[in-house]
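Note: the block below is work-v4.cif and it holds mmCIF, C-alpha atoms.
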data_entry
loop_
_atom_site.label_atom_id
_atom_site.label_comp_id
_atom_site.auth_asym_id
_atom_site.auth_seq_id
_atom_site.Cartn_x
_atom_site.Cartn_y
_atom_site.Cartn_z
CA ASN S 1 -78.26 -91.53 -131.01
CA VAL S 2 -75.95 -93.21 -133.51
CA ARG S 3 -75.75 -96.31 -131.24
CA HIS S 4 -79.50 -96.85 -131.70
CA LEU S 5 -79.57 -95.87 -135.36
CA GLU S 6 -76.74 -98.14 -136.59
CA PRO S 7 -78.56 -101.45 -135.91
CA MET S 8 -81.52 -100.09 -137.93
CA GLY S 9 -79.27 -99.63 -140.97
CA PHE S 10 -78.79 -95.87 -140.80
CA ILE S 11 -75.44 -94.24 -141.53
CA LYS S 12 -74.32 -91.23 -139.50
CA PHE S 13 -72.52 -88.47 -141.40
CA ASP S 14 -70.48 -85.78 -139.67
CA ILE S 15 -70.70 -82.66 -141.83
CA LEU S 16 -67.92 -80.39 -140.60
CA GLY S 17 -67.52 -76.69 -141.25
CA LEU S 18 -63.79 -76.04 -141.56
CA ALA S 19 -62.05 -72.68 -141.97
CA SER S 20 -59.74 -74.40 -144.49
CA LEU S 21 -62.67 -74.77 -146.90
CA ARG S 22 -63.30 -71.01 -146.80
CA MET S 23 -59.58 -70.39 -147.34
CA MET S 24 -59.67 -72.69 -150.36
CA GLU S 25 -62.69 -70.82 -151.74
CA ASP S 26 -60.95 -67.43 -151.30
CA ALA S 27 -57.68 -68.70 -152.81
CA ILE S 28 -59.54 -70.01 -155.88
CA ARG S 29 -61.26 -66.61 -156.22
CA HIS S 30 -57.80 -64.96 -156.32
CA VAL S 31 -56.55 -67.57 -158.84
CA LEU S 32 -59.51 -66.91 -161.15
CA THR S 33 -59.05 -63.13 -161.08
CA ARG S 34 -55.23 -63.16 -161.34
CA HIS S 35 -54.55 -66.11 -163.64
CA GLU S 36 -57.78 -66.94 -165.47
CA GLY S 37 -59.08 -63.50 -166.47
CA PHE S 38 -62.29 -63.48 -164.41
CA GLU S 39 -63.41 -60.06 -163.17
CA ASN S 40 -65.93 -61.08 -160.48
CA PRO S 41 -65.92 -64.87 -160.14
CA THR S 42 -69.22 -66.34 -158.93
CA PHE S 43 -69.50 -69.23 -156.51
CA ASP S 44 -70.29 -71.48 -159.53
CA ASP S 45 -67.01 -70.38 -161.18
CA ILE S 46 -65.14 -71.26 -157.99
CA ARG S 47 -66.89 -74.63 -157.73
CA ASN S 48 -66.13 -75.43 -161.39
CA PHE S 49 -62.41 -74.72 -160.80
CA TYR S 50 -62.53 -77.03 -157.75
CA GLU S 51 -64.34 -79.81 -159.64
CA GLU S 52 -61.89 -79.67 -162.56
CA ARG S 53 -58.56 -79.19 -160.75
CA LEU S 54 -58.84 -79.95 -157.02
CA HIS S 55 -61.49 -82.66 -156.74
CA PRO S 56 -59.97 -85.79 -155.08
CA GLU S 57 -60.63 -87.76 -158.27
CA LYS S 58 -58.96 -85.14 -160.50
CA ILE S 59 -56.00 -83.77 -158.51
CA ASP S 60 -52.65 -85.56 -158.92
CA LEU S 61 -52.08 -86.94 -155.42
CA ASP S 62 -48.58 -88.13 -156.40
CA ASP S 63 -47.19 -84.74 -157.43
CA ARG S 64 -43.56 -84.92 -156.22
CA GLU S 65 -43.27 -81.14 -156.21
CA VAL S 66 -46.10 -80.74 -153.67
CA TRP S 67 -44.74 -83.46 -151.37
CA GLU S 68 -41.17 -82.13 -151.47
CA ASN S 69 -41.80 -78.35 -151.47
CA VAL S 70 -44.44 -78.35 -148.75
CA PHE S 71 -44.32 -81.48 -146.56
CA HIS S 72 -40.55 -82.17 -146.76
CA GLU S 73 -39.36 -78.55 -146.79
CA GLY S 74 -41.84 -77.53 -144.09
CA LYS S 75 -43.94 -74.79 -145.66
CA TRP S 76 -46.95 -74.71 -143.39
CA ALA S 77 -48.86 -71.48 -144.09
CA GLY S 78 -52.46 -72.46 -143.36
CA ILE S 79 -51.95 -76.16 -144.19
CA PHE S 80 -54.85 -78.01 -142.57
CA GLN S 81 -53.80 -80.23 -139.61
CA PHE S 82 -50.26 -78.78 -139.63
CA THR S 83 -50.61 -75.55 -137.69
CA GLU S 84 -48.87 -76.93 -134.56
CA GLY S 85 -45.09 -76.97 -134.24
CA GLY S 86 -45.01 -80.59 -133.02
CA ALA S 87 -47.04 -81.92 -135.97
CA GLN S 88 -44.86 -79.89 -138.35
CA SER S 89 -41.54 -81.24 -137.09
CA PHE S 90 -42.86 -84.83 -136.95
CA CYS S 91 -44.03 -84.49 -140.58
CA LYS S 92 -40.66 -83.10 -141.70
CA ASN S 93 -38.87 -86.02 -140.00
CA ALA S 94 -41.25 -88.63 -141.43
CA ARG S 95 -41.12 -87.17 -144.99
CA PRO S 96 -44.47 -88.44 -146.35
CA ASN S 97 -44.65 -89.41 -150.02
CA ASN S 98 -48.34 -90.28 -150.38
CA ILE S 99 -51.72 -89.81 -148.73
CA THR S 100 -51.41 -93.01 -146.64
CA ASP S 101 -48.10 -91.78 -145.18
CA LEU S 102 -49.75 -88.46 -144.35
CA ALA S 103 -52.78 -90.21 -142.82
CA ALA S 104 -50.45 -92.31 -140.64
CA ILE S 105 -48.59 -89.17 -139.48
CA THR S 106 -51.78 -87.34 -138.49
CA SER S 107 -53.12 -90.48 -136.77
CA ILE S 108 -49.91 -90.94 -134.76
CA TYR S 109 -49.78 -87.27 -133.78
CA ARG S 110 -52.23 -87.67 -130.87
CA PRO S 111 -51.63 -88.03 -127.12
CA GLY S 112 -51.90 -91.86 -126.96
CA PRO S 113 -49.41 -92.80 -129.70
CA LEU S 114 -47.05 -89.93 -128.80
CA SER S 115 -46.85 -91.00 -125.15
CA ALA S 116 -46.02 -94.54 -126.33
CA GLY S 117 -43.22 -93.16 -128.54
CA VAL S 118 -44.83 -94.46 -131.74
CA ASP S 119 -43.76 -91.31 -133.63
CA LYS S 120 -40.04 -92.03 -133.14
CA MET S 121 -40.44 -95.75 -133.89
CA TYR S 122 -42.45 -94.94 -137.04
CA VAL S 123 -39.76 -92.57 -138.38
CA GLY S 124 -37.11 -95.25 -137.72
CA ALA S 125 -39.13 -97.95 -139.49
CA LYS S 126 -39.89 -95.67 -142.46
CA GLU S 127 -36.18 -94.88 -142.86
CA ASN S 128 -35.23 -98.58 -142.74
CA PRO S 129 -38.23 -100.57 -144.05
CA GLU S 130 -36.01 -103.60 -144.69
CA ASP S 131 -35.51 -103.97 -140.92
CA VAL S 132 -39.24 -104.33 -140.18
CA GLU S 133 -40.15 -107.90 -139.18
CA TYR S 134 -43.60 -109.30 -140.01
CA LEU S 135 -45.15 -112.41 -138.40
CA ASN S 136 -46.19 -113.76 -141.81
CA ASP S 137 -47.19 -112.67 -145.33
CA LEU S 138 -50.78 -111.87 -144.35
CA VAL S 139 -49.62 -109.52 -141.59
CA ARG S 140 -47.17 -107.93 -144.05
CA GLU S 141 -49.94 -107.47 -146.62
CA VAL S 142 -52.11 -105.50 -144.16
CA THR S 143 -49.46 -103.51 -142.26
CA GLU S 144 -46.69 -102.89 -144.83
CA GLU S 145 -48.17 -99.49 -145.79
CA THR S 146 -47.68 -98.38 -142.16
CA TYR S 147 -44.26 -100.08 -141.76
CA GLY S 148 -45.51 -102.86 -139.45
CA PHE S 149 -47.52 -100.64 -137.10
CA LEU S 150 -51.24 -101.06 -136.46
CA ILE S 151 -52.19 -97.43 -136.89
CA PHE S 152 -55.66 -97.70 -138.41
CA GLN S 153 -58.67 -99.45 -136.88
CA GLU S 154 -59.45 -100.97 -140.29
CA GLN S 155 -56.14 -102.90 -140.14
CA ILE S 156 -57.34 -104.73 -137.01
CA ALA S 157 -60.63 -105.61 -138.74
CA MET S 158 -58.78 -106.83 -141.86
CA LEU S 159 -56.26 -108.94 -139.94
CA ALA S 160 -59.01 -110.59 -137.90
CA HIS S 161 -60.84 -111.44 -141.15
CA LYS S 162 -57.76 -112.72 -142.99
CA LEU S 163 -56.25 -114.73 -140.11
CA GLY S 164 -59.32 -115.93 -138.18
CA LYS S 165 -61.33 -119.07 -138.93
CA ASP S 166 -64.65 -118.13 -140.57
CA LEU S 167 -64.41 -114.51 -139.43
CA SER S 168 -66.23 -112.33 -141.97
CA LEU S 169 -65.36 -108.69 -142.65
CA ASP S 170 -68.45 -107.85 -140.59
CA ASP S 171 -67.01 -109.83 -137.67
CA GLY S 172 -63.72 -107.95 -138.11
CA ASN S 173 -65.59 -104.66 -138.02
CA LYS S 174 -67.52 -105.78 -134.94
CA LEU S 175 -64.18 -106.58 -133.24
CA ARG S 176 -62.88 -103.10 -134.17
CA LYS S 177 -65.93 -101.54 -132.51
CA LEU S 178 -65.78 -103.79 -129.43
CA LEU S 179 -62.08 -103.02 -128.93
CA THR S 180 -62.45 -99.26 -129.34
CA LYS S 181 -65.48 -99.13 -127.02
CA LYS S 182 -63.81 -101.35 -124.37
CA GLY S 183 -67.11 -102.94 -123.30
CA THR S 184 -67.77 -105.37 -120.45
CA GLY S 185 -70.41 -108.06 -119.92
CA SER S 186 -72.03 -109.17 -123.19
CA ALA S 187 -69.40 -107.24 -125.17
CA GLN S 188 -66.67 -109.27 -123.46
CA SER S 189 -68.36 -112.58 -124.27
CA GLU S 190 -68.69 -111.55 -127.93
CA MET S 191 -65.00 -110.68 -127.97
CA ASP S 192 -64.14 -114.07 -126.45
CA LYS S 193 -66.06 -115.82 -129.27
CA ILE S 194 -64.18 -113.83 -131.90
CA TYR S 195 -60.85 -114.48 -130.14
CA ASP S 196 -61.54 -118.23 -130.18
CA LYS S 197 -62.14 -118.20 -133.96
CA PHE S 198 -59.15 -115.93 -134.45
CA LYS S 199 -56.81 -118.25 -132.52
CA ARG S 200 -58.00 -121.35 -134.38
CA GLY S 201 -57.57 -119.64 -137.75
CA CYS S 202 -54.04 -118.47 -136.90
CA VAL S 203 -52.96 -121.97 -135.87
CA GLU S 204 -54.44 -123.45 -139.07
CA LYS S 205 -52.41 -120.91 -141.05
CA GLY S 206 -49.17 -122.09 -139.47
CA MET S 207 -48.81 -119.67 -136.56
CA LYS S 208 -47.93 -120.82 -133.06
CA GLN S 209 -50.49 -120.35 -130.25
CA HIS S 210 -48.31 -117.81 -128.46
CA GLU S 211 -47.89 -115.79 -131.70
CA ALA S 212 -51.68 -115.62 -132.11
CA LYS S 213 -52.00 -114.50 -128.49
CA GLU S 214 -49.29 -111.85 -128.95
CA LEU S 215 -50.99 -110.50 -132.08
CA TRP S 216 -54.33 -110.35 -130.25
CA GLU S 217 -52.66 -108.46 -127.40
CA LYS S 218 -51.28 -106.06 -130.01
CA PHE S 219 -54.84 -105.53 -131.25
CA GLU S 220 -55.93 -104.65 -127.70
CA TYR S 221 -52.94 -102.36 -127.15
CA PHE S 222 -53.20 -100.44 -130.42
CA SER S 223 -57.00 -100.20 -130.27
CA GLY S 224 -56.54 -97.74 -127.39
CA TYR S 225 -55.40 -95.17 -129.93
CA GLY S 226 -56.07 -96.73 -133.33
CA PHE S 227 -57.55 -94.19 -135.71
CA ASN S 228 -60.24 -94.56 -138.33
CA LYS S 229 -58.44 -94.74 -141.70
CA SER S 230 -61.29 -93.44 -143.86
CA HIS S 231 -61.53 -90.36 -141.62
CA ALA S 232 -57.75 -89.79 -141.62
CA VAL S 233 -57.48 -90.17 -145.40
CA SER S 234 -60.37 -87.74 -146.05
CA TYR S 235 -58.73 -85.15 -143.82
CA CYS S 236 -55.35 -85.65 -145.49
CA VAL S 237 -56.78 -85.10 -148.97
CA LEU S 238 -57.88 -81.68 -147.69
CA SER S 239 -54.37 -81.05 -146.27
CA TYR S 240 -52.92 -81.99 -149.68
CA GLN S 241 -55.34 -79.68 -151.54
CA CYS S 242 -54.17 -76.79 -149.31
CA ALA S 243 -50.54 -77.74 -150.06
CA TYR S 244 -51.26 -77.91 -153.80
CA LEU S 245 -52.65 -74.34 -153.79
CA LEU S 246 -49.71 -73.09 -151.70
CA ASN S 247 -47.23 -74.72 -154.09
CA TYR S 248 -48.73 -73.59 -157.41
CA TYR S 249 -50.49 -70.32 -156.44
CA PRO S 250 -48.54 -69.15 -153.38
CA GLU S 251 -49.59 -65.48 -153.46
CA CYS S 252 -53.29 -66.45 -153.83
CA TRP S 253 -53.08 -68.95 -150.98
CA LEU S 254 -51.22 -66.53 -148.69
CA ALA S 255 -53.77 -63.76 -149.28
CA ALA S 256 -56.56 -66.19 -148.31
CA PHE S 257 -54.49 -67.39 -145.32
CA LEU S 258 -53.94 -63.84 -144.04
CA ASP S 259 -57.67 -63.14 -144.39
CA LYS S 260 -58.72 -66.16 -142.37
CA GLU S 261 -56.15 -66.17 -139.56
CA PRO S 262 -57.69 -64.76 -136.35
CA ASP S 263 -56.32 -61.47 -134.98
CA LYS S 264 -54.28 -63.14 -132.25
CA ARG S 265 -52.35 -65.12 -134.90
CA LYS S 266 -52.25 -62.41 -137.58
CA GLU S 267 -48.79 -61.09 -136.69
CA ARG S 268 -47.33 -64.57 -136.96
CA ALA S 269 -49.11 -65.12 -140.29
CA ILE S 270 -47.69 -61.86 -141.68
CA ASN S 271 -44.19 -62.97 -140.63
CA VAL S 272 -44.71 -66.29 -142.43
CA ALA S 273 -45.68 -64.41 -145.63
CA LYS S 274 -42.58 -62.20 -145.28
CA SER S 275 -40.37 -65.27 -144.77
CA TYR S 276 -41.61 -66.56 -148.18
CA GLY S 277 -40.30 -63.34 -149.77
CA TYR S 278 -43.51 -61.27 -149.95
CA ARG S 279 -43.73 -57.59 -149.04
CA ILE S 280 -46.62 -56.36 -146.91
CA GLU S 281 -48.07 -53.02 -148.00
CA PRO S 282 -49.34 -50.98 -145.07
CA LEU S 283 -52.93 -49.74 -144.96
CA ASN S 284 -53.75 -47.11 -147.56
CA VAL S 285 -57.06 -45.27 -147.56
CA ASN S 286 -57.09 -45.19 -151.39
CA THR S 287 -55.88 -48.70 -152.28
CA SER S 288 -56.81 -51.07 -149.42
CA GLY S 289 -59.92 -53.19 -150.02
CA VAL S 290 -62.20 -55.37 -147.91
CA ARG S 291 -59.86 -58.39 -148.03
CA TRP S 292 -56.14 -58.99 -148.49
CA GLU S 293 -55.28 -58.20 -152.11
CA ILE S 294 -52.28 -58.99 -154.31
CA SER S 295 -50.20 -56.41 -156.21
CA GLU S 296 -49.90 -56.53 -160.01
CA ASP S 297 -46.46 -58.16 -159.88
CA GLY S 298 -47.65 -60.72 -157.29
CA LYS S 299 -44.85 -59.86 -154.86
CA THR S 300 -46.78 -57.63 -152.44
CA LEU S 301 -49.78 -58.44 -150.24
CA ILE S 302 -51.97 -55.41 -149.53
CA GLN S 303 -53.51 -55.05 -146.08
CA PRO S 304 -57.32 -54.53 -146.10
CA LEU S 305 -59.37 -51.83 -144.37
CA SER S 306 -61.20 -54.64 -142.55
CA SER S 307 -58.05 -55.18 -140.46
CA ILE S 308 -58.75 -51.90 -138.62
CA LYS S 309 -60.36 -52.73 -135.30
CA GLY S 310 -63.86 -51.28 -135.02
CA LEU S 311 -64.21 -50.35 -138.68
CA GLY S 312 -67.37 -52.08 -139.93
CA SER S 313 -68.45 -53.05 -143.43
CA THR S 314 -70.78 -50.01 -143.83
CA ALA S 315 -67.99 -47.57 -143.01
CA ILE S 316 -65.61 -49.41 -145.37
CA ALA S 317 -68.19 -49.25 -148.18
CA GLN S 318 -68.48 -45.45 -147.65
CA ILE S 319 -64.69 -45.05 -147.82
CA ILE S 320 -64.42 -47.12 -151.02
CA ASN S 321 -67.33 -45.27 -152.68
CA ASN S 322 -65.80 -41.83 -151.97
CA ARG S 323 -62.21 -42.47 -153.02
CA PRO S 324 -59.71 -41.04 -153.78
CA PHE S 325 -58.93 -38.92 -150.72
CA SER S 326 -56.22 -36.26 -150.77
CA THR S 327 -55.50 -36.41 -147.01
#
Transcribe the structure of this file into structure tokens.
Amino acid sequence: NVRHLEPMGFIKFDILGLASLRMMEDAIRHVLTRHEGFENPTFDDIRNFYEERLHPEKIDLDDREVWENVFHEGKWAGIFQFTEGGAQSFCKNARPNNITDLAAITSIYRPGPLSAGVDKMYVGAKENPEDVEYLNDLVREVTEETYGFLIFQEQIAMLAHKLGKDLSLDDGNKLRKLLTKKGTGSAQSEMDKIYDKFKRGCVEKGMKQHEAKELWEKFEYFSGYGFNKSHAVSYCVLSYQCAYLLNYYPECWLAAFLDKEPDKRKERAINVAKSYGYRIEPLNVNTSGVRWEISEDGKTLIQPLSSIKGLGSTAIAQIINNRPFST
């Protein structure tokens, strides 16, 4: 268990399989065949495109067009983390302009913060940042990117380190873990020790005792639903990559989106594609393939034979190998 492994110096990695990654792969395949002249792109070709254009260190994360056309306008076809109506409308209201904004939005859009009304307060603070009051410059430094809210667990760790007396970053991280695990017994006594150092440090830095206590209470309150920033940011880079493909290669992204949406959501997905101005070509025994294809002019999405219930890959291969049919 990770609880036993951490003290031995091991790091636990969660390797997640996400449908969005497959959609990205399929969209890149369409981009390579339509725009780059590849006939049958290999997986290496797809990976090279990713490494050169979409890799987090290569992609322009400040592309105004992507932020405005997708996240402000509300184009959500297959955008990771934004498939729910509530998350979509919150994002449109909050109008994110960078990855940290997006990470804050996805962290707030969970039952705890929503029930506390943090979403509405966040939108208000983001619209009027000059009205946000900070206890002091150190608190401003750590929480300005989230408009005064403690949204990420790392902010609690950083504030404890910056404000406390002789509290290392490790101590701050220990506090983050103790708060999020809500321990009793020995955990409580460890927290009391950290609180004592925290209070003394705050007073030395010019804060009043009651202000230090209030800030500590804020830590305890927000830790109930504070989110891990590194996790949120990683996820949001993936959301942005999806948005980038939708913005610059819409027909390629939509074909991949229609392929990956499950049957129960397919009708809705087709309506989304139509709302973006694309035509849907009905099934045709001579032109439909094994996946959603794109017409020459890029304005029509062609339904695949695989969308016929009960028609397996062997039967499809036979149909394709014996075309054209006259009836």
key: Residue contacts of stretch 261-263 of chain S (12 Å, all atoms listed in the file) excluding same-chain residues fewer than 6 positions away, as a ChimeraX atom specification   = /S:19-20,22-23,77-79,83,254-255,269-270,272,292,306-309
key: Best match for closeness to S:Leu163 among S:Gly148, S:Gly206, S:Pro250, S:Pro129, counting all atoms listed in the file   =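 Of S:Gly148, S:Gly206, S:Pro250, S:Pro129, the one nearest S:Leu163 is S:Gly206, counting all atoms listed in the file.
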query = In file coordinates, which residues lie within 12 Å of (-62.7, -68.8, -148.2) using only C-alpha atoms, given as an NGL selection string?
reply = :S and (17-30 or 43 or 46-47 or 78 or 242 or 252-261 or 291-292)
Which polymer residues have any atom within 12 Å of an atom of S:Glu127, counting only C-alpha atoms, with same-chain residues fewer than 6 positions away left out, as an mmCIF file with C-alpha atoms, in the coordinates of the input?
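Listing of around_6.cif after writing:
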data_model
loop_
_atom_site.group_PDB
_atom_site.id
_atom_site.type_symbol
_atom_site.label_atom_id
_atom_site.label_comp_id
_atom_site.auth_asym_id
_atom_site.auth_seq_id
_atom_site.Cartn_x
_atom_site.Cartn_y
_atom_site.Cartn_z
ATOM 1 C CA ASN S 93 -38.870 -86.020 -140.000
ATOM 2 C CA ALA S 94 -41.250 -88.630 -141.430
ATOM 3 C CA ARG S 95 -41.120 -87.170 -144.990
ATOM 4 C CA PRO S 96 -44.470 -88.440 -146.350
ATOM 5 C CA LYS S 120 -40.040 -92.030 -133.140
ATOM 6 C CA MET S 121 -40.440 -95.750 -133.890
ATOM 7 C CA TYR S 147 -44.260 -100.080 -141.760
#
ask   = Using all atoms listed in the file, which residues sit within 12 Å of S:Arg53 once same-chain residues fewer than 6 positions away are excluded, as an MDAnalysis selection string?
value = chainID S and resid 28 31 46:47 59:61 241 244:245 248
Could you save the residues just selected, with C-alpha atoms, as a compact mmCIF listing (two decimals), in the coordinates of the input?
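Below is the file that was written, again-v7.txt:
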# COMPACT_ATOMS: atom_id res chain seq x y z
CA ILE S 28 -59.54 -70.01 -155.88
CA VAL S 31 -56.55 -67.57 -158.84
CA ILE S 46 -65.14 -71.26 -157.99
CA ARG S 47 -66.89 -74.63 -157.73
CA ILE S 59 -56.00 -83.77 -158.51
CA ASP S 60 -52.65 -85.56 -158.92
CA LEU S 61 -52.08 -86.94 -155.42
CA GLN S 241 -55.34 -79.68 -151.54
CA TYR S 244 -51.26 -77.91 -153.80
CA LEU S 245 -52.65 -74.34 -153.79
CA TYR S 248 -48.73 -73.59 -157.41
inquiry  = Using all atoms listed in the file for the distances, tell me which of S:Thr314, S:Lys174, S:Tyr240, S:Ile319 is nearest to S:Arg64.
reply    =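 Of the candidates, the smallest distance to S:Arg64 is held by S:Tyr240.
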task = Name all residues at most 12 Å from S:Leu16 (count all atoms listed in the file; drop same-chain ones fewer than 5 positions away) and give them as a PyMOL selection string.
result = chain S and resi 21+231+234-235
